[in-house]
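For reference, structure.pdb (PDB, C-alpha atoms, pLDDT in the B column):
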```pdb
ATOM      1  CA  MET A   1      44.115  20.305  21.833  1.00 58.00           C
ATOM      2  CA  LYS A   2      43.345  18.452  18.599  1.00 62.00           C
ATOM      3  CA  THR A   3      42.868  15.235  20.564  1.00 68.00           C
ATOM      4  CA  SER A   4      40.367  16.886  22.950  1.00 68.00           C
ATOM      5  CA  PHE A   5      38.398  18.321  20.041  1.00 65.00           C
ATOM      6  CA  PHE A   6      38.395  14.942  18.293  1.00 62.00           C
ATOM      7  CA  LEU A   7      37.158  13.164  21.461  1.00 64.00           C
ATOM      8  CA  LEU A   8      34.453  15.784  21.959  1.00 60.00           C
ATOM      9  CA  PHE A   9      33.372  15.360  18.315  1.00 63.00           C
ATOM     10  CA  ILE A  10      33.136  11.570  18.718  1.00 65.00           C
ATOM     11  CA  CYS A  11      31.186  11.844  21.973  1.00 61.00           C
ATOM     12  CA  LEU A  12      28.682  14.271  20.477  1.00 57.00           C
ATOM     13  CA  ASN A  13      28.145  11.950  17.496  1.00 64.00           C
ATOM     14  CA  LEU A  14      27.548   9.007  19.809  1.00 62.00           C
ATOM     15  CA  VAL A  15      24.916  11.041  21.642  1.00 60.00           C
ATOM     16  CA  PHE A  16      23.077  12.500  18.621  1.00 60.00           C
ATOM     17  CA  ILE A  17      23.256   9.750  15.966  1.00 61.00           C
ATOM     18  CA  PRO A  18      21.097   7.233  17.897  1.00 61.00           C
ATOM     19  CA  SER A  19      18.369   9.854  18.392  1.00 52.00           C
ATOM     20  CA  VAL A  20      18.362  10.688  14.657  1.00 48.00           C
ATOM     21  CA  ILE A  21      18.180   6.978  13.783  1.00 48.00           C
ATOM     22  CA  ALA A  22      15.363   6.484  16.303  1.00 48.00           C
ATOM     23  CA  GLN A  23      13.416   9.393  14.789  1.00 48.00           C
ATOM     24  CA  ASP A  24      13.848   7.941  11.269  1.00 55.00           C
ATOM     25  CA  ARG A  25      12.679   4.543  12.507  1.00 58.00           C
ATOM     26  CA  GLU A  26       9.645   6.067  14.251  1.00 59.00           C
ATOM     27  CA  GLU A  27       8.718   8.010  11.106  1.00 58.00           C
ATOM     28  CA  LYS A  28       9.021   4.876   8.944  1.00 55.00           C
ATOM     29  CA  ASN A  29       6.950   2.849  11.434  1.00 76.00           C
ATOM     30  CA  SER A  30       4.289   5.560  11.422  1.00 73.00           C
ATOM     31  CA  LYS A  31       4.204   5.579   7.603  1.00 80.00           C
ATOM     32  CA  ASN A  32       4.029   1.781   7.540  1.00 92.00           C
ATOM     33  CA  GLN A  33       1.070   1.866   9.940  1.00 95.00           C
ATOM     34  CA  ASP A  34      -0.673   4.471   7.778  1.00 96.00           C
ATOM     35  CA  ILE A  35      -0.157   2.307   4.684  1.00 97.00           C
ATOM     36  CA  TYR A  36      -1.449  -0.811   6.467  1.00 97.00           C
ATOM     37  CA  LEU A  37      -4.541   1.205   7.413  1.00 97.00           C
ATOM     38  CA  LEU A  38      -4.951   2.417   3.817  1.00 98.00           C
ATOM     39  CA  ILE A  39      -4.868  -1.131   2.425  1.00 97.00           C
ATOM     40  CA  GLU A  40      -7.318  -2.270   5.117  1.00 97.00           C
ATOM     41  CA  GLN A  41      -9.652   0.609   4.177  1.00 97.00           C
ATOM     42  CA  TYR A  42      -9.419  -0.454   0.525  1.00 96.00           C
ATOM     43  CA  ASN A  43     -10.321  -4.018   1.491  1.00 95.00           C
ATOM     44  CA  GLN A  44     -13.270  -2.804   3.608  1.00 94.00           C
ATOM     45  CA  ALA A  45     -14.480  -0.523   0.825  1.00 95.00           C
ATOM     46  CA  ARG A  46     -14.397  -3.437  -1.641  1.00 92.00           C
ATOM     47  CA  GLU A  47     -16.170  -5.753   0.809  1.00 89.00           C
ATOM     48  CA  ASN A  48     -18.874  -3.199   1.578  1.00 92.00           C
ATOM     49  CA  LYS A  49     -19.034  -1.664  -1.917  1.00 93.00           C
ATOM     50  CA  ASP A  50     -18.415   1.679  -0.209  1.00 96.00           C
ATOM     51  CA  THR A  51     -17.912   4.143  -3.072  1.00 97.00           C
ATOM     52  CA  ASP A  52     -17.533   7.104  -0.691  1.00 97.00           C
ATOM     53  CA  LEU A  53     -14.563   5.456   1.024  1.00 98.00           C
ATOM     54  CA  LEU A  54     -13.053   4.474  -2.335  1.00 98.00           C
ATOM     55  CA  GLU A  55     -13.305   8.104  -3.507  1.00 97.00           C
ATOM     56  CA  THR A  56     -11.431   9.155  -0.372  1.00 97.00           C
ATOM     57  CA  ILE A  57      -8.552   6.666  -0.637  1.00 98.00           C
ATOM     58  CA  LEU A  58      -7.948   6.620  -4.411  1.00 98.00           C
ATOM     59  CA  THR A  59      -6.196   9.372  -6.357  1.00 98.00           C
ATOM     60  CA  GLN A  60      -8.218  11.040  -9.103  1.00 97.00           C
ATOM     61  CA  ASP A  61      -5.919   9.573 -11.768  1.00 98.00           C
ATOM     62  CA  VAL A  62      -5.746   6.079 -10.243  1.00 98.00           C
ATOM     63  CA  ASP A  63      -5.273   3.239 -12.682  1.00 96.00           C
ATOM     64  CA  GLN A  64      -5.756  -0.470 -12.277  1.00 96.00           C
ATOM     65  CA  LEU A  65      -4.712  -3.476 -14.321  1.00 95.00           C
ATOM     66  CA  VAL A  66      -6.777  -6.506 -13.290  1.00 91.00           C
ATOM     67  CA  SER A  67      -5.979 -10.183 -13.769  1.00 86.00           C
ATOM     68  CA  SER A  68      -8.278 -10.425 -16.820  1.00 87.00           C
ATOM     69  CA  GLY A  69      -6.094  -7.851 -18.597  1.00 90.00           C
ATOM     70  CA  GLU A  70      -8.636  -5.018 -18.321  1.00 92.00           C
ATOM     71  CA  TRP A  71      -7.225  -1.540 -17.756  1.00 95.00           C
ATOM     72  CA  ARG A  72      -9.227   0.845 -15.603  1.00 96.00           C
ATOM     73  CA  ARG A  73      -8.043   4.444 -15.800  1.00 97.00           C
ATOM     74  CA  GLY A  74      -9.335   7.266 -13.629  1.00 97.00           C
ATOM     75  CA  ILE A  75     -11.273   7.144 -10.406  1.00 97.00           C
ATOM     76  CA  GLU A  76     -14.769   6.778 -11.909  1.00 97.00           C
ATOM     77  CA  THR A  77     -13.825   3.938 -14.274  1.00 97.00           C
ATOM     78  CA  SER A  78     -11.849   2.201 -11.525  1.00 96.00           C
ATOM     79  CA  ILE A  79     -14.673   2.354  -8.977  1.00 97.00           C
ATOM     80  CA  GLN A  80     -17.257   1.147 -11.529  1.00 96.00           C
ATOM     81  CA  GLY A  81     -14.954  -1.751 -12.457  1.00 95.00           C
ATOM     82  CA  MET A  82     -14.359  -2.625  -8.799  1.00 93.00           C
ATOM     83  CA  LEU A  83     -18.118  -2.760  -8.164  1.00 93.00           C
ATOM     84  CA  ARG A  84     -18.659  -4.932 -11.257  1.00 93.00           C
ATOM     85  CA  SER A  85     -15.880  -7.254 -10.164  1.00 88.00           C
ATOM     86  CA  SER A  86     -17.225  -7.506  -6.604  1.00 84.00           C
ATOM     87  CA  ASN A  87     -20.689  -8.350  -7.971  1.00 86.00           C
ATOM     88  CA  ARG A  88     -19.265 -10.981 -10.362  1.00 84.00           C
ATOM     89  CA  ASN A  89     -17.022 -12.508  -7.685  1.00 79.00           C
ATOM     90  CA  PRO A  90     -18.895 -12.177  -4.397  1.00 82.00           C
ATOM     91  CA  GLY A  91     -16.973 -13.451  -1.424  1.00 84.00           C
ATOM     92  CA  GLU A  92     -14.703 -12.579   1.430  1.00 89.00           C
ATOM     93  CA  ARG A  93     -11.598 -10.644   0.406  1.00 89.00           C
ATOM     94  CA  THR A  94      -8.363 -10.767   2.359  1.00 93.00           C
ATOM     95  CA  ILE A  95      -5.356  -8.637   1.513  1.00 95.00           C
ATOM     96  CA  THR A  96      -2.117  -9.404   3.337  1.00 96.00           C
ATOM     97  CA  ILE A  97       0.811  -7.035   2.967  1.00 97.00           C
ATOM     98  CA  GLU A  98       4.056  -8.844   2.166  1.00 97.00           C
ATOM     99  CA  THR A  99       6.402  -5.873   1.672  1.00 96.00           C
ATOM    100  CA  ILE A 100       6.430  -2.087   1.642  1.00 97.00           C
ATOM    101  CA  ARG A 101       9.253  -0.396  -0.253  1.00 97.00           C
ATOM    102  CA  PHE A 102       9.581   3.375  -0.155  1.00 96.00           C
ATOM    103  CA  LEU A 103      10.794   4.985  -3.384  1.00 96.00           C
ATOM    104  CA  ASN A 104      10.936   8.308  -1.556  1.00 95.00           C
ATOM    105  CA  PRO A 105       9.224   9.615   1.606  1.00 94.00           C
ATOM    106  CA  ASN A 106       5.927  10.140  -0.272  1.00 96.00           C
ATOM    107  CA  VAL A 107       5.762   7.128  -2.620  1.00 97.00           C
ATOM    108  CA  ALA A 108       5.779   3.423  -1.810  1.00 98.00           C
ATOM    109  CA  ILE A 109       5.262   0.091  -3.538  1.00 98.00           C
ATOM    110  CA  VAL A 110       3.110  -2.305  -1.520  1.00 98.00           C
ATOM    111  CA  ASP A 111       3.182  -5.981  -2.519  1.00 97.00           C
ATOM    112  CA  THR A 112       0.335  -8.102  -1.181  1.00 97.00           C
ATOM    113  CA  LYS A 113      -1.284 -11.494  -1.317  1.00 96.00           C
ATOM    114  CA  TYR A 114      -4.917 -11.092  -2.341  1.00 92.00           C
ATOM    115  CA  GLU A 115      -7.337 -13.904  -1.594  1.00 92.00           C
ATOM    116  CA  ILE A 116     -11.009 -14.072  -2.470  1.00 88.00           C
ATOM    117  CA  LYS A 117     -13.004 -16.826  -0.811  1.00 90.00           C
ATOM    118  CA  LEU A 118     -15.916 -17.133  -3.227  1.00 84.00           C
ATOM    119  CA  ASP A 119     -19.452 -18.001  -2.155  1.00 82.00           C
ATOM    120  CA  SER A 120     -18.875 -21.424  -3.778  1.00 85.00           C
ATOM    121  CA  ASN A 121     -16.074 -21.966  -1.189  1.00 87.00           C
ATOM    122  CA  GLN A 122     -13.451 -21.854  -3.927  1.00 89.00           C
ATOM    123  CA  VAL A 123     -10.498 -19.605  -3.223  1.00 90.00           C
ATOM    124  CA  ARG A 124      -8.918 -17.288  -5.802  1.00 87.00           C
ATOM    125  CA  ASN A 125      -5.322 -16.542  -4.934  1.00 92.00           C
ATOM    126  CA  LEU A 126      -3.812 -13.462  -6.517  1.00 91.00           C
ATOM    127  CA  TRP A 127      -0.932 -11.083  -6.046  1.00 94.00           C
ATOM    128  CA  SER A 128      -1.599  -7.355  -5.932  1.00 96.00           C
ATOM    129  CA  THR A 129       0.822  -4.478  -6.074  1.00 97.00           C
ATOM    130  CA  PHE A 130      -0.314  -1.050  -4.925  1.00 98.00           C
ATOM    131  CA  ILE A 131       1.511   2.176  -5.680  1.00 98.00           C
ATOM    132  CA  VAL A 132       0.644   4.540  -2.852  1.00 98.00           C
ATOM    133  CA  VAL A 133       1.386   8.252  -2.632  1.00 98.00           C
ATOM    134  CA  GLN A 134       1.101  10.810   0.103  1.00 97.00           C
ATOM    135  CA  GLN A 135      -1.047  13.763  -0.965  1.00 95.00           C
ATOM    136  CA  GLU A 136      -1.733  16.645   1.400  1.00 91.00           C
ATOM    137  CA  GLY A 137      -0.687  14.499   4.358  1.00 92.00           C
ATOM    138  CA  ASN A 138      -2.883  11.499   3.444  1.00 96.00           C
ATOM    139  CA  TRP A 139      -1.828   8.215   1.854  1.00 98.00           C
ATOM    140  CA  LYS A 140      -3.797   7.309  -1.283  1.00 98.00           C
ATOM    141  CA  ILE A 141      -3.733   4.526  -3.833  1.00 98.00           C
ATOM    142  CA  ALA A 142      -2.437   5.723  -7.220  1.00 98.00           C
ATOM    143  CA  ALA A 143      -2.194   2.354  -9.007  1.00 98.00           C
ATOM    144  CA  ILE A 144      -3.152  -1.289  -8.534  1.00 97.00           C
ATOM    145  CA  ARG A 145      -1.807  -4.314 -10.409  1.00 97.00           C
ATOM    146  CA  ASN A 146      -3.526  -7.668  -9.844  1.00 93.00           C
ATOM    147  CA  MET A 147      -1.815 -10.828 -11.030  1.00 92.00           C
ATOM    148  CA  LEU A 148      -2.696 -14.503 -11.063  1.00 84.00           C
ATOM    149  CA  PRO A 149       0.173 -16.700  -9.907  1.00 78.00           C
ATOM    150  CA  THR A 150       1.318 -19.115 -12.606  1.00 70.00           C
ATOM    151  CA  GLN A 151       0.639 -22.803 -12.224  1.00 70.00           C
ATOM    152  CA  ARG A 152       3.793 -24.896 -11.894  1.00 64.00           C
TER     153      ARG A 152
END
```
Have the structure of the file written as structure tokens, please.
Amino acid sequence: MKTSFFLLFICLNLVFIPSVIAQDREEKNSKNQDIYLLIEQYNQARENKDTDLLETILTQDVDQLVSSGEWRRGIETSIQGMLRSSNRNPGERTITIETIRFLNPNVAIVDTKYEIKLDSNQVRNLWSTFIVVQQEGNWKIAAIRNMLPTQR
């Protein structure tokens, strides 16, 4: 009797565990896609100087540390600084996600390569880290850290 119960228990686990793993994988893939879209929207908003889109995808208490060492705290200061920066450094921006690491189901760290091809055809290569949070079912950017790679 114990052997039959044990075999039944093992068989049920073999049936249900793969479906649970598949659901977890699907949920993570969906979140990854949402975060990719969020970072693309940020890039588009910067390119187009779209303050309405920025207000939608940034948290109210967003903060940003830029490569010059300037801190921007709060949504209004951050957006004004982003517009100033885009005007000072006009060019084509490309953000490429390198990694997404979830701290919990609603918070992730997104490491990216950030390239700005300036109008002078020079290219600024930076690293950016985004802290993204899920608020009311939508992913938003809560923090941005831009860094210049060191010269070796």
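Straight-line separation from CA of Phe102 in chain A to CA of Ile57 in chain A: 18.4 Å.
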(request) Report as JSON, numbers by chain the full result of the PyMOL selection byres ((chain A and resi 144) around 12) when it is applied to this structure. (result) {"A": [39, 42, 58, 59, 61, 62, 63, 64, 65, 66, 67, 70, 71, 72, 73, 74, 75, 78, 82, 109, 110, 111, 112, 114, 127, 128, 129, 130, 131, 132, 140, 141, 142, 143, 145, 146, 147]}
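Nearest residue to Glu115 in chain A, choosing from A:Leu83, A:Leu37, A:Ile97, A:Leu54 and counting all atoms listed in the file: A:Ile97.
When the PyMOL selection byres ((chain A and resi 117) around 12) is run on the displayed coordinates, the residues it returns are Glu47, Ser86, Asn89, Pro90, Gly91, Glu92, Arg93, Thr94, Ile95, Tyr114, Glu115, Ile116, Leu118, Asp119, Ser120, Asn121, Gln122, Val123, Arg124, Asn125 and Leu126 of chain A.
Closest approach to Arg46 in chain A from the set A:Glu76, A:Arg84, A:Gly69, A:Ser30 is made by A:Arg84, with distances taken over all atoms listed in the file.
Nearest to Pro105 in chain A of all the residues A:Thr51, A:Lys31, A:Gln41, A:Gln151 is A:Lys31, counting all atoms listed in the file.
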(message) Could you list, as a PyMOL selection string, every residue matched by the PyMOL selection byres ((chain A and resi 138) around 10) in this structure?
(response) chain A and resi 34-35+38+56-57+106+133-137+139-140
(request) Using CA of Thr99 in chain A and CA of Ala45 in chain A as the two end points, give the distance in Å to one decimal. (result) 21.6 Å
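For the choices A:Ile100, A:Leu148, A:Leu53, A:Val107, the atom-to-atom distance to Gln33 in chain A is smallest for A:Ile100 when using only C-alpha atoms.
Residue nearest Asp52 in chain A, chosen from A:Glu40, A:Leu103, A:Ile79, A:Asn29 and counting all atoms listed in the file: A:Ile79.
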Using all atoms of range 57-75 of chain A that appear in the file, construct an axis-aligned enclosing box with 8 Å of padding on every side and provide its centre coordinates and edge lengths in Å, rounded to one decimal, as JSON.
```
{"center_x": -8.0, "center_y": 0.3, "center_z": -9.6, "size_x": 22.6, "size_y": 37.5, "size_z": 34.0}
```
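We find CA of Pro149 in chain A and CA of Thr96 in chain A to be spaced 15.3 Å apart.
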